[in-house]
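*Asks:* What follows is the file run.tsv, containing TSV, C-alpha atoms:
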```
chain	number	residue	atom	x	y	z
Y	1	TRP	CA	3.62	16.99	16.86
Y	2	ASN	CA	7.16	18.30	16.79
Y	3	ASP	CA	7.25	18.56	20.60
Y	4	PHE	CA	7.33	14.78	21.01
Y	5	ASN	CA	10.84	13.76	21.99
Y	6	GLY	CA	10.35	9.98	22.05
Y	7	SER	CA	10.94	9.59	25.77
Y	8	PHE	CA	7.57	7.94	26.46
Y	9	LEU	CA	8.08	4.21	25.91
Y	10	PHE	CA	4.47	2.89	25.76
Y	11	LYS	CA	5.44	0.05	28.13
Y	12	ASN	CA	2.18	-0.64	29.95
Y	13	ILE	CA	-1.26	-0.98	28.44
Y	14	GLY	CA	-3.65	1.54	29.92
Y	15	GLU	CA	-0.90	3.84	31.13
Y	16	GLU	CA	-1.88	7.50	31.01
Y	17	PHE	CA	-0.12	9.58	28.38
Y	18	PRO	CA	1.84	12.64	29.44
Y	19	SER	CA	0.66	15.93	27.97
Y	20	ASP	CA	3.59	16.13	25.52
Y	21	VAL	CA	2.67	12.85	23.76
Y	22	PRO	CA	0.57	13.59	20.64
Y	23	TYR	CA	-1.51	10.44	21.04
Y	24	VAL	CA	-4.53	11.95	19.26
Y	25	ILE	CA	-2.56	12.37	16.04
Y	26	MET	CA	-0.99	8.91	16.43
Y	27	ARG	CA	-4.33	7.21	16.99
Y	28	GLY	CA	-6.03	9.40	14.39
Y	29	SER	CA	-3.62	8.45	11.63
Y	30	SER	CA	-4.07	4.78	12.45
Y	31	ALA	CA	-7.85	5.22	12.45
Y	32	LEU	CA	-7.67	7.06	9.13
Y	33	CYS	CA	-5.88	4.12	7.51
Y	34	GLY	CA	-8.44	1.73	8.98
Y	35	SER	CA	-11.27	3.89	7.64
Y	36	LEU	CA	-9.77	4.18	4.17
Y	37	LEU	CA	-9.41	0.40	4.00
Y	38	ILE	CA	-13.18	-0.02	3.56
Y	39	PRO	CA	-13.51	1.91	0.25
Y	40	THR	CA	-10.25	0.32	-0.90
Y	41	VAL	CA	-11.75	-3.15	-0.42
Y	42	TYR	CA	-14.83	-2.00	-2.33
Y	43	GLU	CA	-12.69	-0.79	-5.25
Y	44	ILE	CA	-10.65	-4.02	-5.28
Y	45	MET	CA	-13.84	-6.05	-5.52
Y	46	ILE	CA	-15.10	-3.87	-8.39
Y	47	GLU	CA	-11.75	-4.20	-10.20
Y	48	LEU	CA	-11.95	-7.98	-9.80
Y	49	GLY	CA	-15.28	-7.94	-11.63
Y	50	PHE	CA	-17.69	-8.51	-8.74
Y	51	THR	CA	-21.08	-6.83	-8.62
Y	52	HIS	CA	-21.68	-3.70	-6.58
Y	53	ARG	CA	-23.68	-5.76	-4.08
Y	54	ALA	CA	-20.82	-8.18	-3.59
Y	55	ALA	CA	-18.38	-5.28	-3.23
Y	56	LEU	CA	-20.65	-3.66	-0.64
Y	57	LEU	CA	-20.90	-6.94	1.23
Y	58	ALA	CA	-17.11	-7.34	1.29
Y	59	SER	CA	-16.76	-3.74	2.49
Y	60	PHE	CA	-19.38	-4.34	5.15
Y	61	PHE	CA	-17.55	-7.45	6.38
Y	62	THR	CA	-14.33	-5.45	6.45
Y	63	LEU	CA	-16.09	-2.79	8.50
Y	64	LEU	CA	-17.25	-5.38	11.02
Y	65	ASP	CA	-13.95	-7.27	11.31
Y	66	ASN	CA	-12.89	-7.13	14.96
Y	67	ALA	CA	-9.17	-7.47	14.30
Y	68	LEU	CA	-9.16	-4.57	11.86
Y	69	GLN	CA	-11.18	-2.44	14.28
Y	70	ILE	CA	-8.72	-3.08	17.11
Y	71	GLN	CA	-5.70	-2.40	14.88
Y	72	SER	CA	-7.24	0.89	13.81
Y	73	ARG	CA	-7.87	2.04	17.37
Y	74	VAL	CA	-4.44	1.58	18.90
Y	75	ILE	CA	-1.08	3.17	18.22
Y	76	MET	CA	0.47	0.43	16.11
Y	77	LEU	CA	1.76	0.14	12.57
Y	78	ASP	CA	-0.46	-2.76	11.51
Y	79	SER	CA	-3.33	-0.66	10.14
Y	80	PHE	CA	-0.82	1.20	7.95
Y	81	VAL	CA	0.61	-2.09	6.67
Y	82	VAL	CA	-2.81	-3.54	5.86
Y	83	PHE	CA	-3.99	-0.33	4.16
Y	84	PHE	CA	-0.88	0.15	2.02
Y	85	THR	CA	-0.90	-3.55	1.06
Y	86	TYR	CA	-4.47	-3.30	-0.18
Y	87	LEU	CA	-3.77	0.04	-1.84
Y	88	SER	CA	-0.82	-1.50	-3.71
Y	89	ILE	CA	-2.93	-4.41	-4.90
Y	90	LEU	CA	-5.67	-2.03	-6.00
Y	91	GLY	CA	-3.13	0.05	-7.89
Y	92	TYR	CA	-1.81	-2.92	-9.81
Y	93	LEU	CA	-5.34	-4.13	-10.60
Y	94	LYS	CA	-5.96	-0.70	-12.11
Y	95	VAL	CA	-2.73	-1.11	-14.13
Y	96	TYR	CA	-3.92	-4.51	-15.30
Y	97	HIS	CA	-7.18	-3.02	-16.56
Y	98	CYS	CA	-5.17	-0.49	-18.58
Y	99	ARG	CA	-3.39	-3.31	-20.44
Y	100	LEU	CA	-5.14	-2.53	-23.72
Y	101	CYS	CA	-3.56	0.92	-23.73
Y	102	PRO	CA	-0.11	0.41	-22.21
Y	103	TYR	CA	2.17	3.42	-21.82
Y	104	SER	CA	-0.84	5.74	-21.70
Y	105	GLN	CA	-0.92	8.53	-19.15
Y	106	ARG	CA	-3.43	6.56	-17.07
Y	107	TRP	CA	-1.23	3.43	-17.18
Y	108	HIS	CA	1.85	5.38	-16.06
Y	109	GLY	CA	-0.18	7.13	-13.35
Y	110	TRP	CA	-1.40	3.87	-11.85
Y	111	MET	CA	2.08	2.34	-12.09
Y	112	ILE	CA	3.53	5.29	-10.21
Y	113	ALA	CA	0.70	5.15	-7.64
Y	114	THR	CA	1.37	1.44	-7.12
Y	115	GLY	CA	5.09	2.08	-6.72
Y	116	VAL	CA	4.46	4.87	-4.20
Y	117	SER	CA	2.06	2.63	-2.25
Y	118	LEU	CA	4.67	-0.12	-2.19
Y	119	GLY	CA	7.31	2.40	-1.09
Y	120	LEU	CA	5.12	3.59	1.77
Y	121	LEU	CA	4.42	-0.02	2.68
Y	122	LEU	CA	8.13	-0.86	2.87
Y	123	GLY	CA	8.79	2.36	4.74
Y	124	VAL	CA	6.32	1.43	7.46
Y	125	LYS	CA	7.45	-2.12	8.20
Y	126	TYR	CA	9.54	-4.79	6.53
Y	127	THR	CA	6.63	-7.21	6.70
Y	128	GLY	CA	5.48	-5.10	3.76
Y	129	LEU	CA	7.69	-7.33	1.65
Y	130	VAL	CA	4.68	-9.66	1.56
Y	131	GLY	CA	2.68	-6.94	-0.21
Y	132	LEU	CA	5.59	-6.37	-2.58
Y	133	GLY	CA	5.59	-10.12	-3.26
Y	134	CYS	CA	1.84	-10.13	-3.98
Y	135	VAL	CA	2.14	-7.27	-6.45
Y	136	GLY	CA	5.26	-8.91	-7.88
Y	137	LEU	CA	3.30	-12.10	-8.54
Y	138	LEU	CA	0.57	-10.09	-10.24
Y	139	ALA	CA	3.22	-8.41	-12.39
Y	140	LEU	CA	4.81	-11.77	-13.27
Y	141	CYS	CA	1.42	-13.16	-14.32
Y	142	ASP	CA	0.90	-10.04	-16.41
Y	143	ILE	CA	4.32	-10.43	-18.04
Y	144	TRP	CA	3.60	-14.11	-18.69
Y	145	GLN	CA	0.48	-13.12	-20.63
Y	146	ILE	CA	2.52	-10.60	-22.61
Y	147	VAL	CA	5.12	-13.29	-23.40
Y	148	GLY	CA	2.34	-15.48	-24.79
Y	149	ASP	CA	1.09	-12.72	-27.09
Y	150	LEU	CA	2.72	-13.38	-30.46
Y	151	ALA	CA	2.01	-9.80	-31.62
Y	152	VAL	CA	4.47	-8.44	-29.02
Y	153	ASP	CA	8.10	-8.40	-30.16
Y	154	LYS	CA	11.15	-8.70	-27.91
Y	155	ILE	CA	11.74	-4.96	-27.66
Y	156	GLN	CA	8.17	-4.36	-26.48
Y	157	LEU	CA	8.51	-7.22	-23.99
Y	158	PHE	CA	11.74	-5.75	-22.64
Y	159	THR	CA	10.06	-2.33	-22.39
Y	160	HIS	CA	7.16	-3.82	-20.39
Y	161	MET	CA	9.61	-5.55	-18.06
Y	162	ALA	CA	11.78	-2.43	-17.67
Y	163	TYR	CA	8.83	-0.21	-16.78
Y	164	ARG	CA	7.59	-2.72	-14.22
Y	165	GLY	CA	11.07	-2.97	-12.74
Y	166	ILE	CA	11.42	0.81	-12.49
Y	167	TYR	CA	7.93	1.45	-11.15
Y	168	LEU	CA	7.44	-1.61	-8.94
Y	169	LEU	CA	10.98	-2.06	-7.62
Y	170	GLY	CA	12.82	1.20	-8.23
Y	171	ILE	CA	10.28	3.61	-6.75
Y	172	PRO	CA	9.57	1.49	-3.64
Y	173	LEU	CA	13.26	0.97	-2.90
Y	174	LEU	CA	14.08	4.66	-3.39
Y	175	MET	CA	11.18	5.68	-1.18
Y	176	SER	CA	12.14	3.17	1.48
Y	177	PHE	CA	15.74	4.40	1.50
Y	178	ALA	CA	14.58	8.03	1.57
Y	179	LEU	CA	12.22	7.37	4.48
Y	180	PHE	CA	14.95	5.63	6.45
Y	181	TYR	CA	17.37	8.45	5.67
Y	182	VAL	CA	14.87	10.96	7.08
Y	183	HIS	CA	14.26	8.67	10.05
Y	184	PHE	CA	17.94	8.45	10.92
Y	185	ALA	CA	18.51	12.15	10.23
Y	186	ILE	CA	15.93	13.21	12.81
Y	187	LEU	CA	16.60	10.37	15.26
Y	188	THR	CA	17.70	11.71	18.61
Y	189	LYS	CA	20.54	10.10	20.49
```
Take the structure in this file and express it as structure tokens.

*Replies:*
Amino acid sequence: WNDFNGSFLFKNIGEEFPSDVPYVIMRGSSALCGSLLIPTVYEIMIELGFTHRAALLASFFTLLDNALQIQSRVIMLDSFVVFFTYLSILGYLKVYHCRLCPYSQRWHGWMIATGVSLGLLLGVKYTGLVGLGCVGLLALCDIWQIVGDLAVDKIQLFTHMAYRGIYLLGIPLLMSFALFYVHFAILTK
């Protein structure tokens, strides 16, 4: 993996790879993300309250989707983007189901996992901002429900908003900056 110097440009489709291009690892990581998308879709469906049969059906349709199969077989970033988008949405759905016990260890764990997923998503491609927007909308809907709860005072509301800001904006931005720092530090001239 470390022997790859970036000189192969991937210009022509079907072009044979030189021996120093680690194409197996590149294709394998893309295939891994495509494979992990199927159980992620299943979990999202379960979190949304669908039956196990409906979740299996959605997973099966995901498995048979031609576009996702092609994205997972080639050396492109799209399978990473799709996987981390779905993983981020799953993470926030798990947070939402912990709403009866906010600030618990499980709640913090899923918030951190969602933030890390969003950070990886932004680190892969800036089109990941769409995933950040989706999770942001989910968080805004969640905050709106908290605003409507008369038992929650202003300090608790501010605490909810601060945690969401730290976990869902702070972690992804820090991770994105860190990934780009590493990228530029190892970039060859």

*Asks:* Would you tabulate, counting only C-alpha atoms, all residues of stretch 62-165 of chain Y that have an atom at most 8 Å from an atom of stretch 15-29 of chain Y, showing the closest pair of atoms and their distance in Å to one decimal, sorted by chain then ascending number, as a Markdown table?

*Replies:*
```
| residue | atom | partner | partner_atom | distance |
| --- | --- | --- | --- | --- |
| Y:Ser72 | CA | Y:Arg27 | CA | 7.7 |
| Y:Arg73 | CA | Y:Arg27 | CA | 6.3 |
| Y:Val74 | CA | Y:Arg27 | CA | 5.9 |
| Y:Ile75 | CA | Y:Arg27 | CA | 5.3 |
```

*Asks:* So which one's closest to Y:Leu32, Y:Tyr163, Y:Leu121, Y:Leu150, Y:Ser79? Using all atoms listed in the file, please.

*Replies:*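 Ranked by minimum distance to Y:Leu32, first place goes to Y:Ser79.
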
*Asks:* Could you check which of Y:Val82, Y:Ile70, Y:Met111, Y:Leu118 is closest to Y:Pro172, using only C-alpha atoms?

*Replies:* Y:Leu118

*Asks:* Out of Y:Val95, Y:Tyr86, Y:Gly109, Y:Ile166, which residue has the shortest atom-to-atom distance to Y:Gly128 when counting all atoms listed in the file?

*Replies:*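 For Y:Gly128, the nearest of the given residues is Y:Tyr86.
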
*Asks:* Which value, in Å to one decimal, gives the distance between atom CA of Y:Phe84 and atom CA of Y:Arg53?

*Replies:*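 Between these atoms lies a distance of 24.3 Å.
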
*Asks:* Find, counting only C-alpha atoms, the residue in Y:Tyr96, Y:Met161, Y:Glu47, Y:Val81 that gets nearest to Y:Leu129.

*Replies:* Y:Val81

*Asks:* My list of candidates is Y:Phe180, Y:Phe50, Y:Trp107, Y:Tyr92. Which is closest to Y:Leu137 when distances are computed with all atoms listed in the file?

*Replies:* Y:Tyr92

*Asks:* Between atom CA of Y:Gly131 and atom CA of Y:Ile112, what is the spacing in Å?

*Replies:* 15.8 Å

*Asks:* Residues near Y:Leu57, anyone? I mean within 12 Å using all atoms listed in the file, not counting same-chain ones fewer than 6 positions away, as a PyMOL selection string.

*Replies:* chain Y and resi 38-39+41-42+45-46+50-51+63-64
